[in-house]
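J.: What follows is a structure written as structure tokens; I'll ask about it next.
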Amino acid sequence: MNSFTKKLGIAVDILMFVLLIMQMLYIFTGNTIHEITGISFFVCLIIHMVIKRKWLKALVTGKLKCPGFLRKLEVFVTCLLVICCAVLMFSSMGVSRTLFPWFKFMGSSDLHRYLASAVLGLAAFHAGLRFCVRSKKKKTVVLTILAGLAGVSIGLFGVPYLNRHFRTVTVSYAEAVTGEKAEWQGSKPLIVYFTRMGNTDFEPDVDAVSGASLLLADGKLTGSNELLADMLADITGCEKQAITMTGDKYPSGYGATVMQAVDEISSGYHPPIEPVDVSDYDSIILIYPLWWGTIPPAAATFLDSADFTGKTVYLIATQGSSGFSDSTEDIRALVPGAEVKEVMSIYCDDIPKARESLLEWVREAGN
Ligand SMILES: Cc1cc2nc3c(=O)[nH]c(=O)nc-3n(C[C@H](O)[C@H](O)[C@H](O)COP(=O)(O)O)c2cc1C
């Protein structure tokens with residue numbers, strides 16, 4: 001490899017890392033730049049592979065010499081990274097809203113997130129391993145492992161946290177909420193939801209509120225779980241009721257709410273709430289945000305405050321990365337006489353476009 005190709009290779013590698021980090025910061029760059037930097041990353045990847053074509057040829061033809069454990073590991077990690085990048089490319093097109101809206105394959109944003117996290121972790125691991133092998137400084141292998149783990153953690157936890165903390169999504173209320181209806185067979189359930197809106201002391205100036213997964217629906221600050229409740233009410237015609245705390249509300253800052261919630265949850269505090277009468281209903285659809293892997297304390301107060309014996313409780317959780325986590329079991333423990341059924345766990349980014357899935361559930365499994 002001549003010195004120009006070598007320098008080009010190093011420049012492309014550095015650029016790929018910068019692009020990957022920029023990809024992770026899509027909360028600040030916005031969707032269009034995210035998609036453009038995504039394409040740039042895959043172009044760099046192709047250049048990288050052209051530069052390394054001799055290595056690739058040797059691998060494919062079985063002529064690659066990889067003596068020792070570290071070299072074998074390096075080859076394994078590189079192959080895994082290439083596979084993840086290839087799948088990520090399709091998944092990126094699948095979730096694209098601006099450049100590839102016609103591509104309807106692999107449209108899961110969860111899959112996209114997991115793949116992107118894996119690519120970041122494997123890329124850090126791959127670069128570190130190359131350095132270990134070339135410099136023969138075997139001690140750096142520990143740093144390499146740590147860099148790989150840091151990459152995965154940034155993707156899985158850091159990015160979703162930034163997303164929740166800084167982003168306020170603007171949606172059209174009518175487009176998000178209203179549309180096709182579906183008949184609920186049998187007696188209609190009551191939709192009960194908890195959301196930060198109504199339970200938080202927000203400043204009168206909406207623009208001063210940092211993201212925290214809140215939505216500006218037609219300019220009105222709306223809790224994302226409230227939006228889901230509105231969607232379900234529109235689909236089914238069911239009554240809905242918010243869980244509203246009567247005492248102190250949460251602070252407007254996302255970080256401060258997170259810290260207050262952990263204290264409350266660990267001490268088992270159940271704040272007082274306005275009464276929610278469930279006696280006329282055979283089933284309840286409970287919509288809640290996952291807080292520290294469980295239900296918000298006020299949702300626990302609601303479940304604790306009424307008799308749910310013989311009723312069905314359908315669960316819809318919203319979350320920043322953790323599915324239902326422990327919430328289902330925690331709810332079952334609070335309402336032992338009820339049948340508790342998981343319906344769906346929705347990633348916070350997907351909430352504004354969740355109507356279609358809710359409609360499908362009501363049609364197919366919800367009755
Ligand atoms: C106090 C607090 C704790 C949270 N803990 C988790 C968590 O453990 N796992 C998770 O995936 N998301 C967590 N989240 C993110 C919320 O589940 C997610 O942003 C939800 O969609 C917010 O809905 P809302 O806008 O109605 O408040 C937490 C959010 C808050 C405010």
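Scheme for the structure tokens: letters A, B, ... for chains in order shown; per-chain residue numbers from 1; ligand numbers from 1 in order shown.
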Could you build a table of the residues in chain A lying no more than 6 Å from ligand 1, giving for each the nearest pair of atoms and their separation in Å rounded to one decimal place, using only C-alpha atoms and all ligand atoms, ordered by chain and ascending residue number, as a tab-separated table?
T.:
residue	atom	partner	partner_atom_place_in_ligand_line	distance
A:Arg164	CA	ligand 1	19 (O)	5.4
A:Thr195	CA	ligand 1	26 (O)	3.7
A:Arg196	CA	ligand 1	27 (O)	4.4
A:Ser213	CA	ligand 1	25 (O)	4.6
A:Leu214	CA	ligand 1	25 (O)	4.6
A:Gly223	CA	ligand 1	26 (O)	4.2
A:Ser224	CA	ligand 1	25 (O)	4.1
A:Asn225	CA	ligand 1	26 (O)	4.2
A:Thr257	CA	ligand 1	1 (C)	5.2
A:Val258	CA	ligand 1	1 (C)	3.5
A:Ala261	CA	ligand 1	1 (C)	5.0
A:Pro289	CA	ligand 1	17 (O)	4.0
A:Leu290	CA	ligand 1	17 (O)	3.8
A:Trp291	CA	ligand 1	5 (N)	3.4
A:Trp292	CA	ligand 1	8 (O)	3.2
A:Gly293	CA	ligand 1	8 (O)	3.9
A:Thr318	CA	ligand 1	21 (O)	4.3
A:Gln319	CA	ligand 1	17 (O)	3.5
A:Gly320	CA	ligand 1	11 (O)	3.4
A:Ser321	CA	ligand 1	11 (O)	3.8
A:Ser322	CA	ligand 1	11 (O)	4.0
A:Cys348	CA	ligand 1	21 (O)	4.4
J.: Could you pull out the strand (DSSP E or B) residues of stretch 153-344 of chain A, going by DSSP on the backbone, and write them as a ChimeraX atom specification?
T.: /A:169-171,190-193,200-201,215-217,220-222,240-242,245,250-251,273,283-289,291,294,312-319,339-344
J.: Could you check how far atom CA of A:Phe131 sits from atom CA of A:His112, in Å to one decimal?
T.: 28.5 Å
J.: Quick one: pull the distance between atom CA of A:Lys137 and atom CA of A:Leu80, Å, one decimal.
T.: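 Rounded to one decimal, the two atoms are 23.5 Å apart.
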J.: Near A:Lys136, within 12 Å and counting only C-alpha atoms, which residues show up once chain neighbours fewer than 5 positions away are dropped, as an NGL selection string?
T.: :A and (68 or 70-71 or 128-131 or 141)
J.: Which residues, written as a PyMOL selection string, have at least one atom at most 8 Å from stretch 86-89 of chain A, with only C-alpha atoms counted and residues fewer than 5 positions away on the same chain left out?
T.: chain A and resi 42+112+115-116
J.: Go ahead and dump the residues you just picked, N, CA and C atoms, as a CSV table (one decimal), in the first residue's frame.
T.:
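Result saved to selection00.csv:
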chain,number,residue,atom,x,y,z
A,42,PHE,N,-21.7,5.3,4.9
A,42,PHE,CA,-21.6,4.1,4.1
A,42,PHE,C,-20.7,4.3,2.8
A,112,HIS,N,-33.0,-0.6,14.4
A,112,HIS,CA,-32.0,0.4,13.9
A,112,HIS,C,-31.1,0.8,15.1
A,115,LEU,N,-28.7,-2.0,16.1
A,115,LEU,CA,-27.6,-2.2,15.1
A,115,LEU,C,-26.6,-1.1,15.2
A,116,ALA,N,-27.1,0.2,15.3
A,116,ALA,CA,-26.2,1.3,15.4
A,116,ALA,C,-25.3,1.2,16.6
J.: Which residues, written as a list of chain:residue names, have at least one atom at most 12 Å from A:Asp330, with only C-alpha atoms counted and residues fewer than 2 positions away on the same chain left out?
T.: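 My reading of the contact set: A:Ile265, A:Gly268, A:Leu290, A:Gly293, A:Thr294, A:Ile295, A:Pro296, A:Pro297, A:Ala299, A:Ala300, A:Leu303, A:Asp304, A:Leu315, A:Phe324, A:Ser325, A:Asp326, A:Ser327, A:Thr328, A:Arg332, A:Ala333, A:Leu334, A:Val335, A:Pro336, A:Val340.
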J.: Let's have the selection written as an mmCIF file, in the first residue's frame, with N, CA, C and O atoms.
T.:
data_model
loop_
_atom_site.group_PDB
_atom_site.id
_atom_site.type_symbol
_atom_site.label_atom_id
_atom_site.label_comp_id
_atom_site.auth_asym_id
_atom_site.auth_seq_id
_atom_site.Cartn_x
_atom_site.Cartn_y
_atom_site.Cartn_z
ATOM 1 N N ILE A 265 -39.524 6.048 44.221
ATOM 2 C CA ILE A 265 -39.706 4.626 43.892
ATOM 3 C C ILE A 265 -38.949 3.758 44.891
ATOM 4 O O ILE A 265 -39.479 2.767 45.399
ATOM 5 N N GLY A 268 -40.810 3.548 48.083
ATOM 6 C CA GLY A 268 -42.170 2.980 48.010
ATOM 7 C C GLY A 268 -43.256 4.024 48.215
ATOM 8 O O GLY A 268 -44.393 3.699 48.562
ATOM 9 N N LEU A 290 -42.505 4.250 31.419
ATOM 10 C CA LEU A 290 -41.640 3.467 32.299
ATOM 11 C C LEU A 290 -40.756 4.433 33.070
ATOM 12 O O LEU A 290 -40.108 5.283 32.471
ATOM 13 N N GLY A 293 -37.578 1.607 35.311
ATOM 14 C CA GLY A 293 -37.874 0.187 35.101
ATOM 15 C C GLY A 293 -39.194 -0.266 35.682
ATOM 16 O O GLY A 293 -39.513 -1.457 35.672
ATOM 17 N N THR A 294 -39.995 0.671 36.204
ATOM 18 C CA THR A 294 -41.287 0.275 36.779
ATOM 19 C C THR A 294 -42.335 1.353 36.454
ATOM 20 O O THR A 294 -42.130 2.155 35.555
ATOM 21 N N ILE A 295 -43.469 1.329 37.183
ATOM 22 C CA ILE A 295 -44.504 2.333 36.911
ATOM 23 C C ILE A 295 -44.248 3.589 37.749
ATOM 24 O O ILE A 295 -43.656 3.503 38.831
ATOM 25 N N PRO A 296 -44.687 4.758 37.271
ATOM 26 C CA PRO A 296 -44.551 5.963 38.090
ATOM 27 C C PRO A 296 -45.318 5.782 39.405
ATOM 28 O O PRO A 296 -46.365 5.113 39.432
ATOM 29 N N PRO A 297 -44.829 6.377 40.491
ATOM 30 C CA PRO A 297 -45.483 6.193 41.795
ATOM 31 C C PRO A 297 -46.982 6.489 41.771
ATOM 32 O O PRO A 297 -47.768 5.777 42.401
ATOM 33 N N ALA A 299 -49.063 6.034 39.376
ATOM 34 C CA ALA A 299 -49.782 4.911 38.748
ATOM 35 C C ALA A 299 -49.924 3.784 39.764
ATOM 36 O O ALA A 299 -50.937 3.069 39.787
ATOM 37 N N ALA A 300 -48.928 3.645 40.640
ATOM 38 C CA ALA A 300 -49.020 2.627 41.695
ATOM 39 C C ALA A 300 -50.137 3.004 42.670
ATOM 40 O O ALA A 300 -50.897 2.142 43.123
ATOM 41 N N LEU A 303 -53.426 1.929 41.108
ATOM 42 C CA LEU A 303 -53.681 0.482 41.133
ATOM 43 C C LEU A 303 -53.971 0.000 42.548
ATOM 44 O O LEU A 303 -54.698 -0.971 42.755
ATOM 45 N N ASP A 304 -53.408 0.714 43.522
ATOM 46 C CA ASP A 304 -53.564 0.345 44.916
ATOM 47 C C ASP A 304 -54.893 0.822 45.493
ATOM 48 O O ASP A 304 -55.349 0.313 46.518
ATOM 49 N N LEU A 315 -51.921 -3.448 29.377
ATOM 50 C CA LEU A 315 -50.804 -2.534 29.618
ATOM 51 C C LEU A 315 -50.209 -1.986 28.325
ATOM 52 O O LEU A 315 -49.862 -2.736 27.407
ATOM 53 N N PHE A 324 -40.923 -3.426 28.709
ATOM 54 C CA PHE A 324 -41.804 -3.336 29.882
ATOM 55 C C PHE A 324 -40.993 -3.391 31.181
ATOM 56 O O PHE A 324 -41.514 -3.120 32.253
ATOM 57 N N SER A 325 -39.726 -3.798 31.055
ATOM 58 C CA SER A 325 -38.843 -3.982 32.221
ATOM 59 C C SER A 325 -39.593 -4.738 33.327
ATOM 60 O O SER A 325 -40.239 -5.740 33.039
ATOM 61 N N ASP A 326 -39.553 -4.234 34.589
ATOM 62 C CA ASP A 326 -40.220 -4.957 35.692
ATOM 63 C C ASP A 326 -41.657 -4.517 35.884
ATOM 64 O O ASP A 326 -42.336 -4.985 36.809
ATOM 65 N N SER A 327 -42.139 -3.596 35.038
ATOM 66 C CA SER A 327 -43.433 -2.975 35.336
ATOM 67 C C SER A 327 -44.584 -3.982 35.371
ATOM 68 O O SER A 327 -45.465 -3.889 36.227
ATOM 69 N N THR A 328 -44.559 -4.980 34.470
ATOM 70 C CA THR A 328 -45.690 -5.920 34.427
ATOM 71 C C THR A 328 -45.797 -6.695 35.741
ATOM 72 O O THR A 328 -46.890 -6.812 36.324
ATOM 73 N N ARG A 332 -48.765 -6.648 38.480
ATOM 74 C CA ARG A 332 -49.448 -7.901 38.921
ATOM 75 C C ARG A 332 -49.449 -7.993 40.445
ATOM 76 O O ARG A 332 -50.432 -8.418 41.047
ATOM 77 N N ALA A 333 -48.348 -7.578 41.059
ATOM 78 C CA ALA A 333 -48.279 -7.649 42.527
ATOM 79 C C ALA A 333 -49.268 -6.676 43.173
ATOM 80 O O ALA A 333 -49.791 -6.943 44.254
ATOM 81 N N LEU A 334 -49.541 -5.562 42.483
ATOM 82 C CA LEU A 334 -50.460 -4.563 43.053
ATOM 83 C C LEU A 334 -51.929 -4.939 42.845
ATOM 84 O O LEU A 334 -52.791 -4.525 43.612
ATOM 85 N N VAL A 335 -52.228 -5.713 41.777
ATOM 86 C CA VAL A 335 -53.627 -6.087 41.514
ATOM 87 C C VAL A 335 -53.716 -7.614 41.370
ATOM 88 O O VAL A 335 -53.974 -8.128 40.270
ATOM 89 N N PRO A 336 -53.532 -8.337 42.472
ATOM 90 C CA PRO A 336 -53.442 -9.800 42.371
ATOM 91 C C PRO A 336 -54.715 -10.456 41.841
ATOM 92 O O PRO A 336 -54.645 -11.520 41.233
ATOM 93 N N VAL A 340 -53.655 -9.448 34.110
ATOM 94 C CA VAL A 340 -52.837 -8.351 33.567
ATOM 95 C C VAL A 340 -52.235 -8.800 32.238
ATOM 96 O O VAL A 340 -51.558 -9.826 32.168
#
J.: Enumerate as a ChimeraX atom specification all residues of stretch 84-214 of chain A assigned to alpha helix (DSSP H) by DSSP on the backbone, naming them with the chain letters and numbers the document uses.
T.: /A:84-95,109-135,140-153,159-166,173-177
J.: Do you know which residues are at most 9 Å from A:Phe202 counting only C-alpha atoms, after dropping those on the same chain fewer than 6 positions away, and could you put them as an NGL selection string?
T.: :A and (209 or 250-253)
J.: Kindly indicate which residue among A:Gly237, A:Gly151, A:Gly38, A:Pro275 lies nearest to A:Pro189, using only C-alpha atoms for the distances.
T.: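 For A:Pro189, the nearest of the candidates is A:Gly237.
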